[in-house]
Amino acid sequence: VSQSRYFGLGGKEDYSTSWQYSTPTIVNIPGSRKVVYLEAAGFQTFAIASDNTLWAWGINGSYNPLGTGGYLSQYSPTQVRLPSGFLPQKIVGDGSNYSLLLAADGAVLGWGENRGGGLGQINFATSPILVFDSSQGMVDIAVNGAATYFLHKSGAVFASGFNGYGQLGNTKTVSNSYAFLRVELPQNLIAYRDWE
């Protein structure tokens, strides 16, 4: 535990009192909302509520990985504005630069700074913008450092981002990728989603 602002408990950054939160402490989402999905992404935390709202808190800065539309860090859960009708299902973040949100229908939103290519072709966004629409069939998402992975409903896997150690699994590129390329899985291997 290093800074109290990571916890969404309000107040301000205060190293001298962070020890007070070394045991489990309740974080209240405004309106007494029930959380159905939680993501701890390094210096940011995200919560998807049962009413399909998205809440974020933690460090923001010049990259704006919180997606709140500004650059200020948030000490309490703050709502991230989503397009009308967008039903969030899973959120991932690289911990300091960018975040991506998967909808129940397969649409994907992204925001933040595209360091290394983890956002694909998006350069920078302070608020959520469309990465994939629902017709493109994405069913799961994951982030590993500065690389992002999508699982397609067909079982294909697509990756973009930092490839310094072969994270993209694609022999066609040896450098970072700023486009989602299909990962070359072993023959007859089909990936599938093992969560609901």
# chains A, B, ... in the order shown; residues from 1 in each chain; ligands from 1
$ residues_around --residues "Leu72 in chain A" --least-positions-apart "2" --cutoff "7 Å" --atoms "only C-alpha atoms" --output "compact mmCIF listing (two decimals) with N, CA, C and O atoms, in the first residue's frame"
# COMPACT_ATOMS: atom_id res chain seq x y z
N ASN A 60 -4.43 9.39 -13.03
CA ASN A 60 -4.84 9.67 -14.40
C ASN A 60 -3.68 10.30 -15.17
O ASN A 60 -3.04 9.65 -15.97
N GLY A 61 -3.37 11.55 -14.90
CA GLY A 61 -2.23 12.19 -15.53
C GLY A 61 -2.42 12.46 -17.02
O GLY A 61 -3.54 12.44 -17.53
N GLY A 70 -10.74 14.10 -18.63
CA GLY A 70 -9.79 15.11 -18.19
C GLY A 70 -8.50 14.44 -17.77
O GLY A 70 -8.27 13.27 -18.04
N GLN A 74 -8.38 10.72 -9.77
CA GLN A 74 -9.66 10.66 -9.07
C GLN A 74 -9.49 9.90 -7.76
O GLN A 74 -9.02 8.77 -7.76
$ residues_around --residues "Asn163 in chain A" --least-positions-apart "5" --cutoff "10 Å" --atoms "only C-alpha atoms" --output "ChimeraX atom specification"
/A:116-117,146-147,168-170,173-177
$ write_last_selection --atoms "all heavy atoms" --output "CSV table (one decimal), in the first residue's frame"
chain,number,residue,atom,x,y,z
A,116,GLY,N,3.3,1.8,-27.5
A,116,GLY,CA,3.6,0.5,-27.9
A,116,GLY,C,2.6,-0.2,-28.9
A,116,GLY,O,2.8,-1.2,-29.4
A,117,GLY,N,1.4,0.4,-29.0
A,117,GLY,CA,0.4,-0.1,-30.0
A,117,GLY,C,-0.7,-0.9,-29.4
A,117,GLY,O,-1.5,-1.5,-30.1
A,146,ALA,N,2.2,-4.0,-22.3
A,146,ALA,CA,1.8,-3.1,-23.3
A,146,ALA,C,1.3,-3.8,-24.6
A,146,ALA,O,1.3,-3.3,-25.7
A,146,ALA,CB,2.9,-2.2,-23.7
A,147,ALA,N,0.8,-5.0,-24.4
A,147,ALA,CA,0.2,-5.8,-25.6
A,147,ALA,C,-1.2,-6.1,-25.2
A,147,ALA,O,-1.5,-6.4,-24.1
A,147,ALA,CB,1.0,-7.0,-25.9
A,168,LEU,N,3.4,-10.9,-29.2
A,168,LEU,CA,2.3,-10.9,-30.2
A,168,LEU,C,2.2,-12.3,-30.8
A,168,LEU,O,1.1,-12.5,-31.5
A,168,LEU,CB,2.6,-9.8,-31.3
A,168,LEU,CG,2.6,-8.4,-30.8
A,168,LEU,CD1,2.8,-7.4,-31.9
A,168,LEU,CD2,1.4,-8.0,-29.9
A,169,GLY,N,3.1,-13.2,-30.7
A,169,GLY,CA,3.0,-14.5,-31.2
A,169,GLY,C,2.8,-14.5,-32.7
A,169,GLY,O,2.2,-15.4,-33.3
A,170,ASN,N,3.4,-13.6,-33.4
A,170,ASN,CA,3.3,-13.5,-34.8
A,170,ASN,C,4.6,-13.3,-35.5
A,170,ASN,O,5.3,-12.4,-35.3
A,170,ASN,CB,2.4,-12.3,-35.1
A,170,ASN,CG,1.9,-12.2,-36.6
A,170,ASN,OD1,2.7,-12.6,-37.5
A,170,ASN,ND2,0.7,-11.8,-36.8
A,173,THR,N,5.9,-10.1,-37.8
A,173,THR,CA,6.3,-8.8,-37.3
A,173,THR,C,7.3,-9.1,-36.2
A,173,THR,O,7.1,-9.9,-35.3
A,173,THR,CB,5.2,-7.9,-36.9
A,173,THR,OG1,5.7,-6.7,-36.4
A,173,THR,CG2,4.4,-8.6,-35.8
A,174,VAL,N,8.4,-8.3,-36.2
A,174,VAL,CA,9.4,-8.4,-35.1
A,174,VAL,C,9.4,-7.2,-34.3
A,174,VAL,O,10.0,-7.1,-33.2
A,174,VAL,CB,10.8,-8.7,-35.6
A,174,VAL,CG1,10.9,-10.0,-36.3
A,174,VAL,CG2,11.2,-7.6,-36.6
A,175,SER,N,8.7,-6.2,-34.7
A,175,SER,CA,8.6,-4.9,-33.9
A,175,SER,C,7.2,-4.7,-33.4
A,175,SER,O,6.3,-5.6,-33.5
A,175,SER,CB,8.9,-3.7,-34.9
A,175,SER,OG,8.0,-3.7,-35.9
A,176,ASN,N,6.9,-3.6,-32.7
A,176,ASN,CA,5.6,-3.4,-32.2
A,176,ASN,C,4.6,-3.3,-33.3
A,176,ASN,O,4.9,-2.9,-34.4
A,176,ASN,CB,5.6,-2.0,-31.4
A,176,ASN,CG,6.6,-2.1,-30.2
A,176,ASN,OD1,7.1,-3.1,-29.9
A,176,ASN,ND2,6.8,-0.9,-29.6
A,177,SER,N,3.4,-3.6,-33.0
A,177,SER,CA,2.3,-3.5,-34.0
A,177,SER,C,1.3,-2.5,-33.6
A,177,SER,O,0.9,-2.5,-32.4
A,177,SER,CB,1.6,-4.9,-34.2
A,177,SER,OG,0.5,-4.8,-35.0
$ residues_around --residues "Ala156 in chain A" --least-positions-apart "4" --cutoff "9 Å" --atoms "only C-alpha atoms" --output "list in words"
Phe150, Leu151, His152, Arg182, Val183, Glu184, Leu185, Ile190, Ala191 and Tyr192 of chain A
$ write_last_selection --atoms "C-alpha atoms" --output "JSON list (two decimals), in the first residue's frame"
[["chain", "number", "residue", "atom", "x", "y", "z"],
["A", 150, "PHE", "CA", -8.75, -10.20, -28.39],
["A", 151, "LEU", "CA", -10.55, -13.51, -28.72],
["A", 152, "HIS", "CA", -12.86, -13.74, -31.73],
["A", 182, "ARG", "CA", -4.04, -12.66, -36.02],
["A", 183, "VAL", "CA", -1.86, -14.73, -33.67],
["A", 184, "GLU", "CA", -0.42, -17.82, -35.31],
["A", 185, "LEU", "CA", -1.73, -20.55, -33.04],
["A", 190, "ILE", "CA", -8.95, -23.18, -31.13],
["A", 191, "ALA", "CA", -9.12, -20.74, -28.23],
["A", 192, "TYR", "CA", -12.37, -20.30, -26.33]]
$ decode --residues "range 33-44 of chain A" --atoms "all heavy atoms" --output "PDB file, in the first residue's frame"
ATOM      1  N   ARG A  33     -24.650   1.414  -5.728  1.00  0.00           N
ATOM      2  CA  ARG A  33     -24.699   0.471  -6.836  1.00  0.00           C
ATOM      3  C   ARG A  33     -23.978  -0.831  -6.483  1.00  0.00           C
ATOM      4  O   ARG A  33     -22.994  -0.826  -5.763  1.00  0.00           O
ATOM      5  CB  ARG A  33     -24.056   1.092  -8.078  1.00  0.00           C
ATOM      6  CG  ARG A  33     -24.881   2.187  -8.715  1.00  0.00           C
ATOM      7  CD  ARG A  33     -24.111   2.853  -9.842  1.00  0.00           C
ATOM      8  NE  ARG A  33     -24.949   3.689 -10.652  1.00  0.00           N
ATOM      9  CZ  ARG A  33     -25.213   4.962 -10.380  1.00  0.00           C
ATOM     10  NH1 ARG A  33     -24.710   5.537  -9.302  1.00  0.00           N
ATOM     11  NH2 ARG A  33     -25.992   5.666 -11.188  1.00  0.00           N
ATOM     12  N   LYS A  34     -24.449  -1.920  -7.057  1.00  0.00           N
ATOM     13  CA  LYS A  34     -23.830  -3.229  -6.889  1.00  0.00           C
ATOM     14  C   LYS A  34     -22.796  -3.424  -7.984  1.00  0.00           C
ATOM     15  O   LYS A  34     -23.072  -3.232  -9.177  1.00  0.00           O
ATOM     16  CB  LYS A  34     -24.893  -4.322  -6.976  1.00  0.00           C
ATOM     17  CG  LYS A  34     -24.327  -5.723  -6.855  1.00  0.00           C
ATOM     18  CD  LYS A  34     -25.416  -6.755  -7.008  1.00  0.00           C
ATOM     19  CE  LYS A  34     -24.827  -8.155  -6.992  1.00  0.00           C
ATOM     20  NZ  LYS A  34     -25.842  -9.185  -7.242  1.00  0.00           N
ATOM     21  N   VAL A  35     -21.574  -3.806  -7.616  1.00  0.00           N
ATOM     22  CA  VAL A  35     -20.501  -4.054  -8.579  1.00  0.00           C
ATOM     23  C   VAL A  35     -20.609  -5.487  -9.088  1.00  0.00           C
ATOM     24  O   VAL A  35     -20.709  -6.429  -8.318  1.00  0.00           O
ATOM     25  CB  VAL A  35     -19.124  -3.807  -7.931  1.00  0.00           C
ATOM     26  CG1 VAL A  35     -18.011  -4.223  -8.874  1.00  0.00           C
ATOM     27  CG2 VAL A  35     -18.975  -2.347  -7.543  1.00  0.00           C
ATOM     28  N   VAL A  36     -20.541  -5.634 -10.421  1.00  0.00           N
ATOM     29  CA  VAL A  36     -20.611  -6.968 -11.025  1.00  0.00           C
ATOM     30  C   VAL A  36     -19.293  -7.379 -11.670  1.00  0.00           C
ATOM     31  O   VAL A  36     -19.095  -8.541 -11.998  1.00  0.00           O
ATOM     32  CB  VAL A  36     -21.760  -7.051 -12.061  1.00  0.00           C
ATOM     33  CG1 VAL A  36     -23.102  -6.884 -11.374  1.00  0.00           C
ATOM     34  CG2 VAL A  36     -21.571  -6.027 -13.175  1.00  0.00           C
ATOM     35  N   TYR A  37     -18.382  -6.408 -11.869  1.00  0.00           N
ATOM     36  CA  TYR A  37     -17.060  -6.712 -12.410  1.00  0.00           C
ATOM     37  C   TYR A  37     -16.079  -5.668 -11.900  1.00  0.00           C
ATOM     38  O   TYR A  37     -16.372  -4.482 -11.912  1.00  0.00           O
ATOM     39  CB  TYR A  37     -17.070  -6.714 -13.940  1.00  0.00           C
ATOM     40  CG  TYR A  37     -15.797  -7.272 -14.539  1.00  0.00           C
ATOM     41  CD1 TYR A  37     -15.679  -8.622 -14.813  1.00  0.00           C
ATOM     42  CD2 TYR A  37     -14.697  -6.448 -14.793  1.00  0.00           C
ATOM     43  CE1 TYR A  37     -14.505  -9.146 -15.345  1.00  0.00           C
ATOM     44  CE2 TYR A  37     -13.525  -6.965 -15.317  1.00  0.00           C
ATOM     45  CZ  TYR A  37     -13.433  -8.314 -15.588  1.00  0.00           C
ATOM     46  OH  TYR A  37     -12.273  -8.831 -16.094  1.00  0.00           O
ATOM     47  N   LEU A  38     -14.914  -6.132 -11.463  1.00  0.00           N
ATOM     48  CA  LEU A  38     -13.905  -5.235 -10.890  1.00  0.00           C
ATOM     49  C   LEU A  38     -12.563  -5.516 -11.541  1.00  0.00           C
ATOM     50  O   LEU A  38     -12.187  -6.678 -11.728  1.00  0.00           O
ATOM     51  CB  LEU A  38     -13.807  -5.465  -9.381  1.00  0.00           C
ATOM     52  CG  LEU A  38     -12.962  -4.495  -8.574  1.00  0.00           C
ATOM     53  CD1 LEU A  38     -13.569  -3.109  -8.576  1.00  0.00           C
ATOM     54  CD2 LEU A  38     -12.819  -4.996  -7.141  1.00  0.00           C
ATOM     55  N   GLU A  39     -11.841  -4.454 -11.901  1.00  0.00           N
ATOM     56  CA  GLU A  39     -10.516  -4.593 -12.500  1.00  0.00           C
ATOM     57  C   GLU A  39      -9.531  -3.706 -11.763  1.00  0.00           C
ATOM     58  O   GLU A  39      -9.721  -2.486 -11.670  1.00  0.00           O
ATOM     59  CB  GLU A  39     -10.562  -4.197 -13.984  1.00  0.00           C
ATOM     60  CG  GLU A  39      -9.202  -4.018 -14.635  1.00  0.00           C
ATOM     61  CD  GLU A  39      -8.469  -5.324 -14.938  1.00  0.00           C
ATOM     62  OE1 GLU A  39      -8.984  -6.413 -14.592  1.00  0.00           O
ATOM     63  OE2 GLU A  39      -7.373  -5.271 -15.512  1.00  0.00           O
ATOM     64  N   ALA A  40      -8.471  -4.302 -11.226  1.00  0.00           N
ATOM     65  CA  ALA A  40      -7.377  -3.553 -10.610  1.00  0.00           C
ATOM     66  C   ALA A  40      -6.255  -3.502 -11.630  1.00  0.00           C
ATOM     67  O   ALA A  40      -5.554  -4.485 -11.851  1.00  0.00           O
ATOM     68  CB  ALA A  40      -6.923  -4.233  -9.321  1.00  0.00           C
ATOM     69  N   ALA A  41      -6.093  -2.342 -12.283  1.00  0.00           N
ATOM     70  CA  ALA A  41      -5.154  -2.215 -13.401  1.00  0.00           C
ATOM     71  C   ALA A  41      -3.959  -1.361 -12.996  1.00  0.00           C
ATOM     72  O   ALA A  41      -3.772  -0.264 -13.483  1.00  0.00           O
ATOM     73  CB  ALA A  41      -5.864  -1.603 -14.602  1.00  0.00           C
ATOM     74  N   GLY A  42      -3.155  -1.846 -12.094  1.00  0.00           N
ATOM     75  CA  GLY A  42      -1.977  -1.089 -11.675  1.00  0.00           C
ATOM     76  C   GLY A  42      -2.344   0.123 -10.859  1.00  0.00           C
ATOM     77  O   GLY A  42      -2.765  -0.004  -9.711  1.00  0.00           O
ATOM     78  N   PHE A  43      -2.242   1.307 -11.449  1.00  0.00           N
ATOM     79  CA  PHE A  43      -2.531   2.543 -10.737  1.00  0.00           C
ATOM     80  C   PHE A  43      -3.978   2.996 -10.887  1.00  0.00           C
ATOM     81  O   PHE A  43      -4.333   4.082 -10.448  1.00  0.00           O
ATOM     82  CB  PHE A  43      -1.593   3.658 -11.219  1.00  0.00           C
ATOM     83  CG  PHE A  43      -0.149   3.348 -10.973  1.00  0.00           C
ATOM     84  CD1 PHE A  43       0.732   3.235 -12.029  1.00  0.00           C
ATOM     85  CD2 PHE A  43       0.332   3.161  -9.686  1.00  0.00           C
ATOM     86  CE1 PHE A  43       2.079   2.948 -11.807  1.00  0.00           C
ATOM     87  CE2 PHE A  43       1.659   2.871  -9.455  1.00  0.00           C
ATOM     88  CZ  PHE A  43       2.545   2.764 -10.521  1.00  0.00           C
ATOM     89  N   GLN A  44      -4.816   2.198 -11.548  1.00  0.00           N
ATOM     90  CA  GLN A  44      -6.227   2.526 -11.715  1.00  0.00           C
ATOM     91  C   GLN A  44      -7.090   1.341 -11.288  1.00  0.00           C
ATOM     92  O   GLN A  44      -6.664   0.194 -11.379  1.00  0.00           O
ATOM     93  CB  GLN A  44      -6.560   2.851 -13.187  1.00  0.00           C
ATOM     94  CG  GLN A  44      -5.835   4.029 -13.777  1.00  0.00           C
ATOM     95  CD  GLN A  44      -4.438   3.676 -14.253  1.00  0.00           C
ATOM     96  OE1 GLN A  44      -4.204   2.584 -14.776  1.00  0.00           O
ATOM     97  NE2 GLN A  44      -3.491   4.585 -14.073  1.00  0.00           N
TER      98      GLN A  44
END
